[in-house]
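Engineer: Starting off with a structure, shown below.
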Amino acid sequence: MKKLYIIMMLLLAGIMVEAQTSVWDGSRKLWTRGSGTEGDPYLIETAAQLAFLSYMVNKDYDTQGLYFRLTTDIDLNGSEDQPWIPIGLYNRGFDEDGCDRGVANNASYYAPRTMFRGCFDGSGHRISNIYVDNEGGYAGLFGYADSWVAGDTVVIENVFVTNGYIKGDESGGIVGHGGIVIVSRCRNGADIEGNSVGGIMGVGGKMVSNCSNIGRLKGVSVGGIAGMMSEAEISECFNEGDVEASRLGGGILSNSNRSMIDNCYNIGNVSAIGDTTTYYPAAGGLLGIVAIRSEAKNSYSVGEITGNHHVGCLLGFASQPENTTFENCYYLNVCSGNEYGIPKSAEEMREEVFVDVLNQDSGVWGFDANNVNDGFPILVRTDLSVDSHAEKELIIYPNPTSGMVIIEGKEVAQVQVYNILGQVVRTFSSNRINVGDLREGIYLLQITDREGLIHSTKLVVE
């Protein structure tokens, strides 16, 4: 106990060494390690090097087939005076002095159509304090990601945007506009605004998997994971952020055309309230609107759904209901709206047998034994998220927090929460812990991973 008390005091004094974070000062610097191959990727080791990647892509540097890997946490230190320029702007770019030159006059686009075309591995590192204001354009950590080479696919994975503000026409925490791109094992905690808004992907993309959003989302067409997708799939994703739309709002996807939602859940509140004289707003727990045909399966929503026209517990509106299917999908029986899916009580959805119902022998879902999701089933692989990397640091976010904390980088066996007096006030056995019932203050997390190693870190509850 004495040793633990000393550790606690050191944490409070800020003496303990924390994982290094590279803070951006607005500069750019060329990366120096790696050859860009899959086995030897270019290493992005500082915030300035990440900014250089944005600069080069937006000057039409061809990243097709190149690999990049982030090796440290990044603080973008964002503000109106130091905004982040998204990686890939499509019809925008940089002058020689590095300034955003905007869209050419009297033209909807011009060459080069700058976009990220390679593979980016965030290695589970945090990117914090992002600030993007690209109204009328693509906005996100990546603005535009696509591959124009047959058979080639852009991959963006293991990226954690923890907080900040993003605004644009097509806006996403990870990608504003995606073409032939797969986004996997990514998180967003930034607040996002725009026309077409998604917690992970604004518009487009081919697949989003094992991703989650906790940021607040607001715009015209807004989805917890993606704004608008066509002939694409969202799998093993969840949304906790509130969705506020003036036309189309979906807990997972706002506007779907021939797309699939598989093994996803939404606990965020969804609203679609707008001008009914020009357009009929639609709000749904999973989907806002299905344009032609789409499918959802093995999923659920328990968020509050509100709107002033089409309102559905799972789907707001389908233009062709006969081509829209919901298989093994559920919602709370206190919800009222379009009759898609199966109603269940909160008590039924918190039972272990409901996990088996969702799993369909897949092993995707787990029982919420530690009440990190208010007792509702959790996604095992998504909650644990990123594959282990030997060099990866332990990550906890958000910190400070007023509720949920996510632990990344290690598979957790036990988490003990100590107060300032060295007393254990909570014990968990999951990578997601809920400390919303603790008083404001500073606590110590003592985390034991599956290998038996113990990690200590400070947590601020506000």
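If you're wondering about the labels, chains in the structure tokens are A, B, ... by order shown, residues count from 1 in each chain, ligands from 1 in order shown.
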Just the residues within 12 Å of Arg450 (chain A), please, counting only C-alpha atoms, with nothing from its chain fewer than 5 positions along; format it as a list in words.

Structural biologist: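 Contacts, with the query itself left out: Ser388, Gly409, Lys410, Glu411, Val412, Ala413, Gln414, Val415, Ser429, Ser430, Asn431 and His455 of chain A.
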
Engineer: Filtering to all heavy atoms, could you give me those residues as a PDB file, in the first residue's frame?

Structural biologist:
```pdb
ATOM      1  N   SER A 388      -2.085  -6.467 -31.470  1.00  0.00           N
ATOM      2  CA  SER A 388      -0.946  -6.111 -30.629  1.00  0.00           C
ATOM      3  C   SER A 388       0.281  -5.820 -31.474  1.00  0.00           C
ATOM      4  O   SER A 388       0.581  -6.493 -32.444  1.00  0.00           O
ATOM      5  CB  SER A 388      -0.631  -7.257 -29.660  1.00  0.00           C
ATOM      6  OG  SER A 388      -1.699  -7.465 -28.775  1.00  0.00           O
ATOM      7  N   GLY A 409      -4.077  -0.864 -26.779  1.00  0.00           N
ATOM      8  CA  GLY A 409      -2.665  -1.229 -26.802  1.00  0.00           C
ATOM      9  C   GLY A 409      -2.331  -2.502 -26.065  1.00  0.00           C
ATOM     10  O   GLY A 409      -1.322  -3.135 -26.346  1.00  0.00           O
ATOM     11  N   LYS A 410      -3.162  -2.883 -25.086  1.00  0.00           N
ATOM     12  CA  LYS A 410      -2.963  -4.108 -24.325  1.00  0.00           C
ATOM     13  C   LYS A 410      -4.309  -4.776 -24.103  1.00  0.00           C
ATOM     14  O   LYS A 410      -5.328  -4.103 -23.942  1.00  0.00           O
ATOM     15  CB  LYS A 410      -2.309  -3.827 -22.965  1.00  0.00           C
ATOM     16  CG  LYS A 410      -0.961  -3.113 -23.038  1.00  0.00           C
ATOM     17  CD  LYS A 410       0.125  -4.014 -23.619  1.00  0.00           C
ATOM     18  CE  LYS A 410       1.463  -3.290 -23.639  1.00  0.00           C
ATOM     19  NZ  LYS A 410       2.544  -4.124 -24.217  1.00  0.00           N
ATOM     20  N   GLU A 411      -4.320  -6.088 -24.070  1.00  0.00           N
ATOM     21  CA  GLU A 411      -5.538  -6.809 -23.730  1.00  0.00           C
ATOM     22  C   GLU A 411      -5.629  -6.899 -22.208  1.00  0.00           C
ATOM     23  O   GLU A 411      -4.752  -7.439 -21.548  1.00  0.00           O
ATOM     24  CB  GLU A 411      -5.533  -8.199 -24.355  1.00  0.00           C
ATOM     25  CG  GLU A 411      -6.865  -8.923 -24.207  1.00  0.00           C
ATOM     26  CD  GLU A 411      -6.893 -10.244 -24.945  1.00  0.00           C
ATOM     27  OE1 GLU A 411      -5.950 -10.512 -25.723  1.00  0.00           O
ATOM     28  OE2 GLU A 411      -7.856 -10.997 -24.742  1.00  0.00           O
ATOM     29  N   VAL A 412      -6.689  -6.342 -21.667  1.00  0.00           N
ATOM     30  CA  VAL A 412      -6.800  -6.147 -20.230  1.00  0.00           C
ATOM     31  C   VAL A 412      -7.286  -7.408 -19.516  1.00  0.00           C
ATOM     32  O   VAL A 412      -8.236  -8.061 -19.961  1.00  0.00           O
ATOM     33  CB  VAL A 412      -7.755  -4.979 -19.930  1.00  0.00           C
ATOM     34  CG1 VAL A 412      -8.137  -4.949 -18.458  1.00  0.00           C
ATOM     35  CG2 VAL A 412      -7.110  -3.667 -20.344  1.00  0.00           C
ATOM     36  N   ALA A 413      -6.635  -7.732 -18.404  1.00  0.00           N
ATOM     37  CA  ALA A 413      -7.125  -8.773 -17.506  1.00  0.00           C
ATOM     38  C   ALA A 413      -7.885  -8.143 -16.340  1.00  0.00           C
ATOM     39  O   ALA A 413      -8.950  -8.622 -15.950  1.00  0.00           O
ATOM     40  CB  ALA A 413      -5.966  -9.614 -16.971  1.00  0.00           C
ATOM     41  N   GLN A 414      -7.338  -7.048 -15.790  1.00  0.00           N
ATOM     42  CA  GLN A 414      -8.000  -6.374 -14.672  1.00  0.00           C
ATOM     43  C   GLN A 414      -7.598  -4.904 -14.646  1.00  0.00           C
ATOM     44  O   GLN A 414      -6.458  -4.544 -14.956  1.00  0.00           O
ATOM     45  CB  GLN A 414      -7.618  -7.030 -13.342  1.00  0.00           C
ATOM     46  CG  GLN A 414      -8.345  -6.448 -12.133  1.00  0.00           C
ATOM     47  CD  GLN A 414      -7.885  -7.060 -10.824  1.00  0.00           C
ATOM     48  OE1 GLN A 414      -6.753  -6.820 -10.381  1.00  0.00           O
ATOM     49  NE2 GLN A 414      -8.737  -7.865 -10.208  1.00  0.00           N
ATOM     50  N   VAL A 415      -8.541  -4.064 -14.260  1.00  0.00           N
ATOM     51  CA  VAL A 415      -8.282  -2.643 -14.033  1.00  0.00           C
ATOM     52  C   VAL A 415      -8.775  -2.297 -12.633  1.00  0.00           C
ATOM     53  O   VAL A 415      -9.938  -2.537 -12.302  1.00  0.00           O
ATOM     54  CB  VAL A 415      -9.021  -1.743 -15.054  1.00  0.00           C
ATOM     55  CG1 VAL A 415      -8.702  -0.271 -14.785  1.00  0.00           C
ATOM     56  CG2 VAL A 415      -8.646  -2.112 -16.474  1.00  0.00           C
ATOM     57  N   SER A 429     -12.740  -5.691 -15.598  1.00  0.00           N
ATOM     58  CA  SER A 429     -11.962  -6.698 -16.329  1.00  0.00           C
ATOM     59  C   SER A 429     -12.236  -6.569 -17.824  1.00  0.00           C
ATOM     60  O   SER A 429     -12.500  -7.546 -18.504  1.00  0.00           O
ATOM     61  CB  SER A 429     -12.313  -8.109 -15.837  1.00  0.00           C
ATOM     62  OG  SER A 429     -13.701  -8.358 -15.994  1.00  0.00           O
ATOM     63  N   SER A 430     -12.186  -5.350 -18.317  1.00  0.00           N
ATOM     64  CA  SER A 430     -12.509  -5.081 -19.717  1.00  0.00           C
ATOM     65  C   SER A 430     -11.667  -3.926 -20.224  1.00  0.00           C
ATOM     66  O   SER A 430     -11.130  -3.136 -19.432  1.00  0.00           O
ATOM     67  CB  SER A 430     -14.002  -4.747 -19.866  1.00  0.00           C
ATOM     68  OG  SER A 430     -14.292  -4.260 -21.152  1.00  0.00           O
ATOM     69  N   ASN A 431     -11.535  -3.819 -21.551  1.00  0.00           N
ATOM     70  CA  ASN A 431     -10.826  -2.696 -22.159  1.00  0.00           C
ATOM     71  C   ASN A 431     -11.666  -1.430 -22.220  1.00  0.00           C
ATOM     72  O   ASN A 431     -11.184  -0.391 -22.653  1.00  0.00           O
ATOM     73  CB  ASN A 431     -10.357  -3.060 -23.576  1.00  0.00           C
ATOM     74  CG  ASN A 431      -9.110  -3.901 -23.572  1.00  0.00           C
ATOM     75  OD1 ASN A 431      -9.120  -5.016 -23.075  1.00  0.00           O
ATOM     76  ND2 ASN A 431      -8.021  -3.375 -24.118  1.00  0.00           N
ATOM     77  N   HIS A 455       0.546  -1.864 -15.475  1.00  0.00           N
ATOM     78  CA  HIS A 455       0.736  -0.512 -15.980  1.00  0.00           C
ATOM     79  C   HIS A 455      -0.043   0.453 -15.100  1.00  0.00           C
ATOM     80  O   HIS A 455      -1.175   0.178 -14.712  1.00  0.00           O
ATOM     81  CB  HIS A 455       0.235  -0.386 -17.418  1.00  0.00           C
ATOM     82  CG  HIS A 455       0.671  -1.511 -18.306  1.00  0.00           C
ATOM     83  ND1 HIS A 455       1.790  -1.441 -19.105  1.00  0.00           N
ATOM     84  CD2 HIS A 455       0.136  -2.751 -18.512  1.00  0.00           C
ATOM     85  CE1 HIS A 455       1.932  -2.578 -19.770  1.00  0.00           C
ATOM     86  NE2 HIS A 455       0.942  -3.389 -19.415  1.00  0.00           N
TER      87      HIS A 455
END
```

Engineer: Extract, using only C-alpha atoms, all DNA, RNA and protein residues at most 10 Å from Gly274 (chain A), discarding same-chain residues fewer than 3 positions from it, and format them as a short mmCIF file (atom, residue, chain, number, x, y, z; two decimals) with C-alpha atoms, in the first residue's frame.

Structural biologist:
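Below is the file that was written, around_15.cif:
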```cif
data_model
loop_
_atom_site.label_atom_id
_atom_site.label_comp_id
_atom_site.auth_asym_id
_atom_site.auth_seq_id
_atom_site.Cartn_x
_atom_site.Cartn_y
_atom_site.Cartn_z
CA VAL A 220 -27.82 17.78 -43.17
CA ALA A 245 -29.60 16.03 -38.77
CA SER A 246 -31.81 18.46 -40.65
CA ARG A 247 -32.69 15.83 -43.32
CA LEU A 248 -31.37 12.31 -42.78
CA SER A 271 -32.79 13.24 -34.53
CA THR A 277 -41.77 21.94 -47.29
CA THR A 278 -38.63 21.12 -49.28
CA TYR A 279 -37.66 17.65 -48.04
CA TYR A 280 -39.07 15.00 -45.73
CA PRO A 281 -36.63 14.40 -42.87
CA ALA A 282 -36.01 10.78 -41.80
CA GLY A 307 -37.95 13.61 -35.90
CA ASN A 308 -40.69 15.70 -37.45
CA HIS A 309 -41.58 13.39 -40.35
#
```

Engineer: May I ask which of the residues A:Thr114, A:Leu314, A:Ile87, A:Arg185 is the closest one to Ala139 (chain A), counting only C-alpha atoms?

Structural biologist: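 Nearest candidate to Ala139 (chain A) out of A:Thr114, A:Leu314, A:Ile87, A:Arg185: A:Ile87.
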
Engineer: Excluding Leu332 (chain A) and its own-chain neighbours fewer than 4 positions away, which residues fall within 10 Å of it when counting only C-alpha atoms? Please give them as a PyMOL selection string.

Structural biologist: chain A and resi 300-304+313-314+336+342-349

Engineer: Please provide as a list in words all residues within 10 Å of Ser79 (chain A), with the sequence filter that same-chain residues fewer than 6 positions apart are discarded (counting only C-alpha atoms).

Structural biologist: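 So the residues in contact are Asn129, Ile130, Tyr131, Val132, Asp133, Gly164 and Tyr165 of chain A.
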
Engineer: For the structure I just gave you, how does DSSP split region 136-251 of chain A - specifically, which residues are strand (DSSP E)? Reply as a ChimeraX atom specification.

Structural biologist: /A:136-139,142-145,154-157,160-161,164-172,175-178,181-184,187-188,191-198,201-204,207-209,212-213,217-223,226-230,233-235,238-239,243-250

Engineer: Can you write out the residues you just picked, keeping C-alpha atoms, as a compact mmCIF listing (two decimals), in the first residue's frame?

Structural biologist:
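The file below, result-v2.txt, is the result:
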```
# COMPACT_ATOMS: atom_id res chain seq x y z
CA GLY A 136 -17.47 23.56 -49.11
CA GLY A 137 -14.79 20.86 -49.36
CA TYR A 138 -13.71 17.52 -47.89
CA ALA A 139 -12.84 17.50 -44.20
CA PHE A 142 -7.89 12.52 -44.54
CA GLY A 143 -9.92 14.69 -46.88
CA TYR A 144 -10.02 12.37 -49.90
CA ALA A 145 -8.78 8.78 -50.16
CA VAL A 154 -6.51 2.21 -50.13
CA VAL A 155 -6.31 1.07 -46.49
CA ILE A 156 -6.48 3.34 -43.43
CA GLU A 157 -6.32 1.48 -40.11
CA PHE A 160 -7.59 7.20 -33.13
CA VAL A 161 -8.77 10.79 -33.52
CA GLY A 164 -11.26 18.27 -31.74
CA TYR A 165 -13.52 19.92 -34.33
CA ILE A 166 -14.04 19.10 -38.01
CA LYS A 167 -16.21 21.02 -40.48
CA GLY A 168 -16.69 20.64 -44.22
CA ASP A 169 -19.12 19.74 -46.98
CA GLU A 170 -18.31 16.02 -46.72
CA SER A 171 -16.88 15.43 -43.25
CA GLY A 172 -15.64 12.40 -41.34
CA VAL A 175 -12.03 10.33 -44.07
CA GLY A 176 -14.19 13.07 -45.55
CA HIS A 177 -14.71 11.41 -48.94
CA GLY A 178 -13.66 7.88 -49.81
CA VAL A 181 -10.93 2.60 -49.54
CA ILE A 182 -11.20 0.34 -46.48
CA VAL A 183 -11.16 1.91 -43.02
CA SER A 184 -10.67 -0.48 -40.12
CA ARG A 187 -11.99 5.66 -33.55
CA ASN A 188 -13.34 9.19 -33.60
CA ASP A 191 -17.16 16.86 -32.97
CA ILE A 192 -18.09 17.07 -36.66
CA GLU A 193 -20.31 19.38 -38.71
CA GLY A 194 -21.14 19.57 -42.39
CA ASN A 195 -23.47 18.60 -45.19
CA SER A 196 -22.79 14.85 -45.35
CA VAL A 197 -21.32 13.80 -42.01
CA GLY A 198 -20.09 10.50 -40.59
CA MET A 201 -16.50 8.38 -43.15
CA GLY A 202 -18.39 11.33 -44.61
CA VAL A 203 -19.24 9.95 -48.05
CA GLY A 204 -18.24 6.86 -50.01
CA MET A 207 -15.87 -0.98 -46.19
CA VAL A 208 -15.73 0.33 -42.62
CA SER A 209 -15.02 -2.36 -40.03
CA SER A 212 -16.53 3.45 -33.43
CA ASN A 213 -17.60 7.03 -32.86
CA LEU A 217 -22.29 14.90 -35.11
CA LYS A 218 -24.39 17.61 -36.76
CA GLY A 219 -25.37 18.39 -40.33
CA VAL A 220 -27.82 17.78 -43.17
CA SER A 221 -27.25 14.04 -43.72
CA VAL A 222 -25.59 12.51 -40.66
CA GLY A 223 -24.64 8.95 -39.70
CA ALA A 226 -20.90 7.06 -42.21
CA GLY A 227 -22.93 9.76 -43.91
CA MET A 228 -23.66 8.23 -47.31
CA MET A 229 -22.46 4.94 -48.81
CA SER A 230 -23.25 3.03 -51.99
CA GLU A 233 -20.44 -2.55 -46.01
CA ILE A 234 -20.23 -1.46 -42.39
CA SER A 235 -19.39 -4.31 -40.03
CA PHE A 238 -20.77 1.06 -32.97
CA ASN A 239 -21.84 4.63 -32.35
CA VAL A 243 -26.59 12.47 -34.26
CA GLU A 244 -28.39 15.71 -35.17
CA ALA A 245 -29.60 16.03 -38.77
CA SER A 246 -31.81 18.46 -40.65
CA ARG A 247 -32.69 15.83 -43.32
CA LEU A 248 -31.37 12.31 -42.78
CA GLY A 249 -30.11 10.87 -39.51
CA GLY A 250 -28.95 7.31 -38.87
```
